[in-house]
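S.K.: Just so it is clear, I am handing over input_7.tsv, which has TSV, C-alpha atoms.
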```tsv
chain	number	residue	atom	x	y	z
A	1	MET	CA	-32.18	16.68	-15.92
A	2	ALA	CA	-35.72	15.51	-16.40
A	3	ASN	CA	-36.82	14.55	-19.86
A	4	PRO	CA	-40.21	16.27	-20.25
A	5	SER	CA	-41.48	13.55	-22.59
A	6	VAL	CA	-41.18	10.93	-19.82
A	7	ALA	CA	-43.23	11.62	-16.74
A	8	VAL	CA	-42.96	9.62	-13.54
A	9	ALA	CA	-45.97	7.31	-13.24
A	10	GLU	CA	-48.52	8.97	-10.98
A	11	GLN	CA	-48.24	6.46	-8.11
A	12	PHE	CA	-44.55	7.31	-7.56
A	13	ASP	CA	-42.93	10.34	-5.96
A	14	ASP	CA	-39.90	10.37	-8.20
A	15	MET	CA	-37.89	8.31	-10.71
A	16	PRO	CA	-35.60	6.55	-8.17
A	17	GLN	CA	-38.68	5.30	-6.34
A	18	GLN	CA	-40.16	4.08	-9.62
A	19	LEU	CA	-36.91	2.30	-10.42
A	20	GLU	CA	-36.88	0.61	-7.03
A	21	ALA	CA	-40.45	-0.61	-7.55
A	22	SER	CA	-39.58	-1.96	-11.02
A	23	THR	CA	-36.52	-3.73	-9.65
A	24	LEU	CA	-38.58	-5.27	-6.87
A	25	GLY	CA	-41.17	-6.47	-9.38
A	26	MET	CA	-38.52	-8.00	-11.62
A	27	TRP	CA	-36.95	-9.85	-8.69
A	28	THR	CA	-40.39	-11.20	-7.75
A	29	PHE	CA	-40.65	-12.61	-11.26
A	30	LEU	CA	-37.08	-13.95	-11.08
A	31	ALA	CA	-37.94	-15.72	-7.79
A	32	THR	CA	-40.58	-17.71	-9.69
A	33	GLU	CA	-37.94	-18.47	-12.32
A	34	ILE	CA	-35.55	-19.68	-9.59
A	35	LEU	CA	-38.24	-22.12	-8.46
A	36	PHE	CA	-39.04	-23.16	-12.03
A	37	PHE	CA	-35.43	-24.05	-12.85
A	38	GLY	CA	-34.92	-25.20	-9.25
A	39	ALA	CA	-37.44	-28.02	-9.68
A	40	LEU	CA	-35.52	-29.24	-12.73
A	41	PHE	CA	-32.20	-29.03	-10.88
A	42	LEU	CA	-33.78	-30.96	-8.03
A	43	SER	CA	-34.83	-33.75	-10.42
A	44	TYR	CA	-31.25	-33.82	-11.65
A	45	ILE	CA	-29.92	-34.17	-8.08
A	46	ILE	CA	-32.33	-37.00	-7.24
A	47	TYR	CA	-31.63	-39.02	-10.40
A	48	ARG	CA	-27.90	-38.42	-10.29
A	49	HIS	CA	-27.90	-39.65	-6.70
A	50	THR	CA	-30.04	-42.64	-7.68
A	51	TYR	CA	-28.22	-43.72	-10.85
A	52	VAL	CA	-24.65	-42.60	-10.14
A	53	HIS	CA	-22.95	-44.83	-12.70
A	54	ALA	CA	-25.46	-44.42	-15.51
A	55	PHE	CA	-25.23	-40.62	-15.09
A	56	ALA	CA	-21.44	-40.70	-15.11
A	57	GLU	CA	-21.48	-42.76	-18.30
A	58	ALA	CA	-24.15	-40.63	-19.97
A	59	ALA	CA	-22.43	-37.34	-19.08
A	60	ARG	CA	-19.27	-38.33	-20.99
A	61	HIS	CA	-21.16	-37.84	-24.25
A	62	THR	CA	-21.97	-34.14	-23.87
A	63	LYS	CA	-19.99	-31.86	-26.20
A	64	ILE	CA	-17.64	-30.07	-23.80
A	65	LEU	CA	-16.13	-27.82	-26.48
A	66	HIS	CA	-19.52	-26.42	-27.52
A	67	GLY	CA	-20.49	-26.02	-23.86
A	68	SER	CA	-17.29	-24.19	-22.90
A	69	ILE	CA	-17.42	-21.81	-25.88
A	70	ASN	CA	-21.04	-21.04	-25.07
A	71	THR	CA	-20.19	-20.30	-21.43
A	72	GLY	CA	-17.55	-17.80	-22.57
A	73	LEU	CA	-19.99	-16.24	-25.05
A	74	LEU	CA	-22.70	-15.78	-22.42
A	75	MET	CA	-20.28	-14.29	-19.88
A	76	THR	CA	-19.04	-11.82	-22.47
A	77	SER	CA	-22.63	-10.95	-23.37
A	78	SER	CA	-23.22	-10.23	-19.67
A	79	LEU	CA	-20.27	-7.83	-19.79
A	80	THR	CA	-21.63	-5.99	-22.85
A	81	MET	CA	-25.08	-5.87	-21.21
A	82	SER	CA	-23.55	-4.27	-18.12
A	83	LEU	CA	-21.69	-1.77	-20.30
A	84	ALA	CA	-25.01	-0.96	-22.04
A	85	ILE	CA	-26.52	-0.29	-18.61
A	86	HIS	CA	-23.61	1.98	-17.76
A	87	ALA	CA	-24.04	3.87	-21.03
A	88	ALA	CA	-27.76	4.25	-20.29
A	89	GLN	CA	-27.07	5.60	-16.80
A	90	LYS	CA	-24.68	8.16	-18.29
A	91	GLY	CA	-27.17	9.03	-21.02
A	92	ARG	CA	-24.79	8.10	-23.85
A	93	GLN	CA	-27.02	7.13	-26.74
A	94	ARG	CA	-24.63	5.62	-29.27
A	95	PRO	CA	-22.69	3.35	-26.87
A	96	LEU	CA	-26.03	2.24	-25.40
A	97	LEU	CA	-27.33	1.12	-28.79
A	98	GLY	CA	-23.97	-0.39	-29.75
A	99	PHE	CA	-23.61	-2.49	-26.60
A	100	LEU	CA	-27.23	-3.65	-26.84
A	101	LEU	CA	-26.68	-4.82	-30.43
A	102	LEU	CA	-23.44	-6.52	-29.41
A	103	THR	CA	-25.27	-8.33	-26.59
A	104	ILE	CA	-27.97	-9.48	-29.03
A	105	PHE	CA	-25.26	-10.66	-31.44
A	106	LEU	CA	-23.50	-12.70	-28.71
A	107	GLY	CA	-26.85	-14.19	-27.68
A	108	CYS	CA	-27.47	-15.25	-31.30
A	109	CYS	CA	-23.97	-16.80	-31.44
A	110	PHE	CA	-24.85	-18.80	-28.33
A	111	LEU	CA	-28.00	-20.13	-29.98
A	112	GLY	CA	-26.05	-20.93	-33.16
A	113	VAL	CA	-23.44	-22.98	-31.29
A	114	LYS	CA	-26.23	-24.66	-29.34
A	115	GLY	CA	-27.92	-25.58	-32.63
A	116	LEU	CA	-24.72	-27.18	-33.94
A	117	GLU	CA	-24.37	-29.05	-30.66
A	118	TYR	CA	-27.96	-30.31	-30.82
A	119	LYS	CA	-27.35	-31.51	-34.38
A	120	SER	CA	-24.27	-33.42	-33.24
A	121	ASP	CA	-26.19	-34.87	-30.25
A	122	ILE	CA	-28.96	-36.08	-32.55
A	123	ASP	CA	-26.40	-37.66	-34.91
A	124	ASP	CA	-24.92	-39.51	-31.90
A	125	HIS	CA	-28.36	-40.95	-31.02
A	126	LEU	CA	-28.54	-39.11	-27.72
A	127	VAL	CA	-32.27	-38.39	-27.87
A	128	PRO	CA	-34.09	-40.59	-25.29
A	129	GLY	CA	-36.42	-43.12	-26.86
A	130	GLN	CA	-36.29	-46.12	-29.15
A	131	HIS	CA	-33.19	-45.03	-31.03
A	132	PHE	CA	-31.16	-44.06	-27.97
A	133	THR	CA	-27.54	-45.19	-28.22
A	134	ARG	CA	-26.70	-48.63	-26.79
A	135	ASN	CA	-23.38	-47.34	-25.35
A	136	ILE	CA	-25.10	-45.80	-22.35
A	137	PRO	CA	-27.00	-47.71	-19.62
A	138	VAL	CA	-30.74	-47.36	-20.02
A	139	GLN	CA	-31.09	-45.05	-16.99
A	140	GLY	CA	-28.72	-42.68	-18.78
A	141	GLN	CA	-31.75	-41.65	-20.80
A	142	LEU	CA	-32.89	-39.73	-17.70
A	143	PHE	CA	-29.70	-37.67	-17.88
A	144	TRP	CA	-30.31	-36.95	-21.54
A	145	TYR	CA	-33.98	-36.22	-20.96
A	146	LEU	CA	-32.95	-33.59	-18.37
A	147	TYR	CA	-30.25	-32.30	-20.72
A	148	TRP	CA	-32.72	-31.65	-23.57
A	149	MET	CA	-35.35	-30.28	-21.23
A	150	MET	CA	-33.11	-27.93	-19.25
A	151	THR	CA	-30.88	-26.63	-22.05
A	152	GLY	CA	-33.98	-26.36	-24.24
A	153	VAL	CA	-35.89	-24.27	-21.73
A	154	HIS	CA	-32.75	-22.22	-21.13
A	155	SER	CA	-32.35	-21.53	-24.85
A	156	LEU	CA	-36.00	-20.54	-24.98
A	157	HIS	CA	-35.34	-18.02	-22.19
A	158	LEU	CA	-32.35	-16.72	-24.09
A	159	ALA	CA	-34.43	-16.35	-27.27
A	160	VAL	CA	-36.99	-14.36	-25.26
A	161	GLY	CA	-34.12	-12.26	-23.89
A	162	ILE	CA	-32.94	-11.52	-27.42
A	163	GLY	CA	-36.47	-10.44	-28.33
A	164	VAL	CA	-36.69	-8.16	-25.29
A	165	LEU	CA	-33.29	-6.60	-26.01
A	166	ALA	CA	-34.24	-6.10	-29.66
A	167	PHE	CA	-37.25	-4.10	-28.49
A	168	ILE	CA	-35.10	-2.12	-26.03
A	169	ALA	CA	-32.52	-1.47	-28.78
A	170	TRP	CA	-35.25	-0.24	-31.12
A	171	ARG	CA	-36.45	2.16	-28.43
A	172	ALA	CA	-32.87	3.21	-27.67
A	173	GLY	CA	-32.38	3.94	-31.37
A	174	ARG	CA	-35.33	6.33	-31.14
A	175	GLN	CA	-33.65	8.05	-28.15
A	176	LYS	CA	-36.31	6.99	-25.66
A	177	TYR	CA	-33.81	6.53	-22.83
A	178	SER	CA	-31.80	9.13	-20.99
A	179	ALA	CA	-29.70	9.47	-17.86
A	180	TYR	CA	-32.99	10.35	-16.17
A	181	TYR	CA	-35.16	7.51	-17.51
A	182	HIS	CA	-33.64	4.13	-18.38
A	183	ASN	CA	-35.50	1.69	-16.12
A	184	PRO	CA	-36.36	-0.79	-18.95
A	185	VAL	CA	-32.65	-1.16	-19.79
A	186	LEU	CA	-31.84	-2.04	-16.17
A	187	ILE	CA	-34.78	-4.44	-15.83
A	188	SER	CA	-34.08	-6.34	-19.05
A	189	GLY	CA	-30.42	-6.47	-17.98
A	190	LEU	CA	-31.49	-8.27	-14.79
A	191	TYR	CA	-33.27	-10.89	-16.92
A	192	TRP	CA	-30.27	-11.29	-19.22
A	193	HIS	CA	-27.86	-11.83	-16.32
A	194	PHE	CA	-30.27	-14.27	-14.70
A	195	VAL	CA	-30.27	-16.45	-17.83
A	196	ASP	CA	-26.46	-16.41	-17.59
A	197	VAL	CA	-26.58	-17.50	-13.93
A	198	ILE	CA	-28.72	-20.51	-14.91
A	199	TRP	CA	-26.29	-21.45	-17.67
A	200	VAL	CA	-23.29	-21.44	-15.31
A	201	TRP	CA	-25.00	-24.22	-13.34
A	202	LEU	CA	-26.06	-26.13	-16.45
A	203	TYR	CA	-22.47	-26.04	-17.70
A	204	SER	CA	-21.09	-27.45	-14.47
A	205	LEU	CA	-23.73	-30.15	-14.07
A	206	PHE	CA	-24.03	-31.36	-17.67
A	207	TYR	CA	-20.57	-30.91	-19.18
A	208	LEU	CA	-18.07	-31.44	-16.37
A	209	VAL	CA	-19.19	-34.73	-14.82
A	210	ASN	CA	-16.59	-37.51	-14.96
A	211	ARG	CA	-14.46	-35.99	-17.70
A	212	TYR	CA	-11.15	-37.51	-16.60
B	1	MET	CA	-25.25	6.21	0.70
B	2	ASN	CA	-28.74	6.97	-0.51
B	3	LEU	CA	-30.16	3.54	-1.30
B	4	LEU	CA	-32.84	4.98	-3.54
B	5	ASN	CA	-30.15	6.34	-5.84
B	6	PRO	CA	-27.96	3.37	-6.73
B	7	PRO	CA	-24.46	4.49	-7.67
B	8	VAL	CA	-23.34	4.14	-11.26
B	9	VAL	CA	-20.98	1.14	-11.21
B	10	PRO	CA	-17.74	2.00	-13.04
B	11	PRO	CA	-17.01	-0.14	-16.16
B	12	LYS	CA	-13.74	-1.18	-14.52
B	13	THR	CA	-15.72	-3.21	-11.98
B	14	TYR	CA	-17.62	-4.95	-14.80
B	15	PHE	CA	-14.38	-5.82	-16.58
B	16	TRP	CA	-12.87	-7.26	-13.38
B	17	VAL	CA	-15.97	-9.39	-12.79
B	18	TRP	CA	-15.89	-10.60	-16.40
B	19	PHE	CA	-12.21	-11.48	-16.04
B	20	ALA	CA	-12.88	-13.37	-12.79
B	21	LEU	CA	-15.80	-15.23	-14.38
B	22	LEU	CA	-13.66	-16.40	-17.30
B	23	LEU	CA	-10.83	-17.38	-14.97
B	24	LEU	CA	-13.25	-19.45	-12.88
B	25	LEU	CA	-14.61	-21.04	-16.06
B	26	LEU	CA	-11.08	-22.11	-17.00
B	27	LEU	CA	-10.46	-23.39	-13.48
B	28	ASN	CA	-13.71	-25.34	-13.51
B	29	TRP	CA	-12.93	-26.87	-16.91
B	30	GLY	CA	-9.33	-27.62	-15.89
B	31	LEU	CA	-10.16	-29.31	-12.59
B	32	ALA	CA	-12.72	-31.51	-14.34
B	33	GLN	CA	-9.93	-33.07	-16.41
B	34	PHE	CA	-8.37	-34.69	-13.33
B	35	ASN	CA	-9.65	-37.40	-11.05
B	36	LEU	CA	-9.77	-35.66	-7.70
B	37	GLY	CA	-12.14	-38.12	-6.06
B	38	PRO	CA	-14.94	-36.45	-4.13
B	39	PHE	CA	-13.26	-33.07	-4.68
B	40	ASN	CA	-14.49	-33.09	-8.30
B	41	LEU	CA	-18.05	-32.73	-7.08
B	42	VAL	CA	-17.03	-30.02	-4.61
B	43	ALA	CA	-15.33	-28.05	-7.40
B	44	THR	CA	-18.20	-28.36	-9.86
B	45	LEU	CA	-20.57	-27.02	-7.20
B	46	ALA	CA	-18.35	-24.41	-5.51
B	47	ILE	CA	-17.11	-22.71	-8.69
B	48	PRO	CA	-20.53	-21.99	-10.24
B	49	PHE	CA	-21.66	-20.84	-6.79
B	50	VAL	CA	-18.89	-18.23	-6.67
B	51	GLN	CA	-19.65	-17.24	-10.28
B	52	MET	CA	-23.33	-16.86	-9.38
B	53	LEU	CA	-22.45	-14.65	-6.39
B	54	LEU	CA	-20.26	-12.41	-8.56
B	55	MET	CA	-23.05	-12.02	-11.10
B	56	LEU	CA	-25.74	-11.40	-8.49
B	57	LEU	CA	-23.74	-8.91	-6.42
B	58	TYR	CA	-22.06	-6.87	-9.14
B	59	LEU	CA	-23.74	-7.41	-12.52
B	60	MET	CA	-27.26	-7.61	-11.09
B	61	HIS	CA	-26.47	-4.85	-8.58
B	62	VAL	CA	-27.74	-6.72	-5.52
B	63	ARG	CA	-24.85	-5.19	-3.61
B	64	TYR	CA	-26.20	-1.74	-4.39
B	65	ASN	CA	-29.92	-2.51	-4.05
B	66	ALA	CA	-32.28	-1.30	-1.33
B	67	PRO	CA	-32.72	-3.68	1.65
B	68	LEU	CA	-36.27	-4.61	0.62
B	69	THR	CA	-35.07	-5.70	-2.82
B	70	ARG	CA	-32.35	-7.80	-1.22
B	71	VAL	CA	-34.96	-9.54	0.92
B	72	PHE	CA	-36.88	-10.42	-2.25
B	73	VAL	CA	-33.71	-11.75	-3.88
B	74	ALA	CA	-33.02	-13.91	-0.83
B	75	ALA	CA	-36.65	-15.08	-0.73
B	76	GLY	CA	-36.34	-16.79	-4.12
B	77	PHE	CA	-33.39	-18.84	-2.93
B	78	ILE	CA	-34.93	-19.56	0.48
B	79	TRP	CA	-38.07	-20.99	-1.19
B	80	LEU	CA	-35.79	-23.10	-3.36
B	81	ALA	CA	-33.97	-24.36	-0.26
B	82	ILE	CA	-37.30	-25.29	1.36
B	83	MET	CA	-38.37	-27.19	-1.77
B	84	ALA	CA	-35.02	-29.02	-1.93
B	85	ASP	CA	-35.03	-29.79	1.79
B	86	LEU	CA	-38.53	-31.28	1.87
B	87	THR	CA	-38.05	-33.28	-1.33
B	88	LEU	CA	-34.62	-34.66	-0.48
B	89	SER	CA	-35.62	-35.54	3.07
B	90	ASP	CA	-38.06	-37.96	1.43
B	91	TYR	CA	-35.84	-39.38	-1.32
B	92	LEU	CA	-32.63	-39.68	0.68
B	93	THR	CA	-34.21	-41.41	3.68
B	94	ARG	CA	-36.37	-43.97	1.87
B	95	GLY	CA	-35.74	-47.43	3.23
B	96	SER	CA	-33.80	-46.20	6.23
B	97	VAL	CA	-36.90	-45.58	8.34
B	98	PRO	CA	-38.77	-48.77	9.43
B	99	GLY	CA	-42.21	-49.12	7.90
B	100	THR	CA	-41.61	-46.73	5.00
B	101	LEU	CA	-41.27	-47.38	1.31
B	102	ARG	CA	-38.15	-49.11	0.08
B	103	LYS	CA	-35.80	-47.23	-2.16
B	104	SER	CA	-37.48	-47.31	-5.52
B	105	TRP	CA	-34.32	-48.38	-7.34
B	106	GLU	CA	-33.55	-51.40	-5.18
B	107	HIS	CA	-35.91	-53.51	-7.24
B	108	GLY	CA	-35.29	-51.67	-10.43
B	109	ALA	CA	-38.84	-50.49	-10.96
B	110	TRP	CA	-41.52	-48.25	-9.62
B	111	PRO	CA	-43.79	-48.96	-7.76
B	112	PRO	CA	-41.58	-50.86	-5.32
B	113	THR	CA	-42.91	-54.33	-4.70
B	114	THR	CA	-41.63	-57.64	-3.41
B	115	THR	CA	-44.30	-59.75	-5.12
B	116	GLN	CA	-43.62	-61.57	-8.37
B	117	ALA	CA	-45.07	-60.19	-11.55
B	118	PRO	CA	-48.23	-62.15	-12.52
B	119	ALA	CA	-47.62	-64.96	-15.00
B	120	ARG	CA	-48.82	-64.37	-18.53
B	121	ALA	CA	-52.27	-65.82	-19.22
B	122	ASN	CA	-51.25	-67.75	-22.35
B	123	SER	CA	-48.08	-69.35	-21.00
```
Turn the structure described in the file into structure tokens.
M.R.:
Amino acid sequence: MANPSVAVAEQFDDMPQQLEASTLGMWTFLATEILFFGALFLSYIIYRHTYVHAFAEAARHTKILHGSINTGLLMTSSLTMSLAIHAAQKGRQRPLLGFLLLTIFLGCCFLGVKGLEYKSDIDDHLVPGQHFTRNIPVQGQLFWYLYWMMTGVHSLHLAVGIGVLAFIAWRAGRQKYSAYYHNPVLISGLYWHFVDVIWVWLYSLFYLVNRY
Amino acid sequence: MNLLNPPVVPPKTYFWVWFALLLLLLLNWGLAQFNLGPFNLVATLAIPFVQMLLMLLYLMHVRYNAPLTRVFVAAGFIWLAIMADLTLSDYLTRGSVPGTLRKSWEHGAWPPTTTQAPARANS
């Protein structure tokens, strides 16, 4: 049932076509994000290959408990995001808003745990530079440089995601979405899941090296 | 199936994917606790790859998308593969081809050089 307050943009025949165009546009943006993070992952591969032992030594100092909890949190937030999308497709207003708020909450928990982890990293002198810990070979600073850079940029993406979802939740609260029109919920969901995909790789590459 | 009207994925599917993701997380964490030789690296690459596929196909609906959208999804990863291929074919072959640069790390510093550092003027 068409919501008369939301018209299909004039360049599209109908709402499914508009949704397909939006999805295509979002994936075009995500392709640039794949390359952006890809370049950082590539640097990681090259330096890990170059300084195998320094990387193995440096990687032992990441906080695996924080990292594992955060992985679980993000995966659960992906579930609640998917459930929000389902609610939107069915036109259920209250579950939509509820799942969006839950997703935002889990995202904030992730950032909170990350903050505690950063604090603990700083206390352990794991910031590259003059005061870098003497327990790690000097090339290990490259590992920690990549750690701060990549998890930092990832957290920034997550913060942006929280902002986007807050906007979507505000609109959902004002009943702007229906079973007929909910494209923004689907598109922001794509972004949210993408940030989760990046984290899965960060977790494996930064927290699980040489743990035994 | 009308590709322009993606089906509504039942919540059950989302719960199964979530369960599988958490199970794989546990497996990944568990395997990392043991020295499995080269298999450690295989596990830490294969498990996130499977997790990524699950997320892409089910949570991000690539499985249900129109063919054109799937091509765009693949394009991102293909460009990444091209970037990785060209870059690594340089880094991983340095020193093994006559007449090319030595591996930068063989002498501990960049740029690679075999000459001695110039003596200090006041010594």
S.K.: For Ala9 (chain A), work out the shell of residues within 12 Å, counting all atoms listed in the file and skipping chain neighbours fewer than 3 positions away, then give it as a VMD selection string.
M.R.: chain A and resid 6 12 to 19 21 to 22 181
S.K.: Based on all atoms listed in the file, which of the residues in chain B come within 9 Å of chain A? I want them as a ChimeraX atom specification.
M.R.: /B:4-6,8-11,14-15,17-18,21-22,25-26,28-29,32-35,40-41,44-45,47-49,51-52,55-56,59-61,65-66,68-70,72-77,79-80,83-84,87-88,91-92,105
S.K.: Would you mind telling me which residue in B:Ile82, B:Leu54, B:Leu36, B:Val71 lies nearest to Thr13 (chain B) when using only C-alpha atoms?
M.R.: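 Nearest candidate to Thr13 (chain B) out of B:Ile82, B:Leu54, B:Leu36, B:Val71: B:Leu54.
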S.K.: So how far away is CA of Val42 (chain B) from CA of Ala20 (chain B), in Å?
M.R.: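 Distance reported for this atom pair: 19.0 Å.
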S.K.: Within 10 Å of Val127 (chain A), counting only C-alpha atoms, which residues show up once you throw out same-chain ones fewer than 2 positions away? Write them as a short mmCIF file (atom, residue, chain, number, x, y, z; two decimals) with C-alpha atoms, keeping the file's coordinate frame, please.
M.R.:
```cif
data_model
loop_
_atom_site.label_atom_id
_atom_site.label_comp_id
_atom_site.auth_asym_id
_atom_site.auth_seq_id
_atom_site.Cartn_x
_atom_site.Cartn_y
_atom_site.Cartn_z
CA TYR A 118 -27.96 -30.31 -30.82
CA ASP A 121 -26.19 -34.87 -30.25
CA ILE A 122 -28.96 -36.08 -32.55
CA ASP A 123 -26.40 -37.66 -34.91
CA ASP A 124 -24.92 -39.51 -31.90
CA HIS A 125 -28.36 -40.95 -31.02
CA GLY A 129 -36.42 -43.12 -26.86
CA GLN A 130 -36.29 -46.12 -29.15
CA HIS A 131 -33.19 -45.03 -31.03
CA PHE A 132 -31.16 -44.06 -27.97
CA THR A 133 -27.54 -45.19 -28.22
CA GLN A 141 -31.75 -41.65 -20.80
CA TRP A 144 -30.31 -36.95 -21.54
CA TYR A 145 -33.98 -36.22 -20.96
CA TYR A 147 -30.25 -32.30 -20.72
CA TRP A 148 -32.72 -31.65 -23.57
#
```
S.K.: Restricting the calculation to only C-alpha atoms: of A:Val160, A:Met149, A:Val195, A:Ile136, which residue gets closest to Phe55 (chain A)?
M.R.: A:Ile136
S.K.: Work out how far CA of Arg92 (chain A) is from CA of Ala179 (chain A), in Å to one decimal.
M.R.: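 Taking CA of Ala179 (chain A) as the start and CA of Arg92 (chain A) as the end point, the length is 7.9 Å.
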S.K.: Counting all atoms listed in the file, find the residues whose atoms lie at most 6 Å from (-35.8, -1.4, -22.1) (file coordinates) and write them out as a PyMOL selection string.
M.R.: chain A and resi 168+184-185
S.K.: Return the single residue from B:Asp85, B:Gly95, B:Ile78, B:Leu24 that is closest to Val50 (chain B), with distances computed using all atoms listed in the file.
M.R.: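 Comparing B:Asp85, B:Gly95, B:Ile78, B:Leu24 against Val50 (chain B), the winner is B:Leu24.
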S.K.: Which residue out of A:Ala54, A:Leu102, A:Leu111, A:Leu126 has the minimum interatomic distance to Leu156 (chain A) when all atoms listed in the file are used?
M.R.: A:Leu111
S.K.: Counting all atoms listed in the file, figure out which residue out of A:Ala88, A:His53, A:Leu106, A:Ile162 gets nearest to Asn183 (chain A).
M.R.: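 Nearest candidate to Asn183 (chain A) out of A:Ala88, A:His53, A:Leu106, A:Ile162: A:Ala88.
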S.K.: Could you give me, as number ranges by chain, the residues within 9 Å of Lys114 (chain A), counting all atoms listed in the file and dropping anything in the same chain fewer than 4 positions from it?
M.R.: A: 66-67, 70, 109-110, 118-119, 151, 155
S.K.: Distance CA of Leu96 (chain A)-CA of Ala169 (chain A), one decimal place?
M.R.: 8.2 Å
S.K.: Emit as lines of an AutoDock Vina configuration file the padded axis-aligned box for all listed atoms of region 184-199 of chain A, 6 Å per side, with centre and edge lengths in Å to one decimal.
M.R.:
```
center_x = -31.3
center_y = -11.1
center_z = -16.9
size_x = 22.1
size_y = 32.7
size_z = 17.9
```
S.K.: Determine the nearest neighbour of Phe105 (chain A) from the options A:Val164, A:Ala56, A:Leu73, A:Val8, counting only C-alpha atoms.
M.R.: A:Leu73
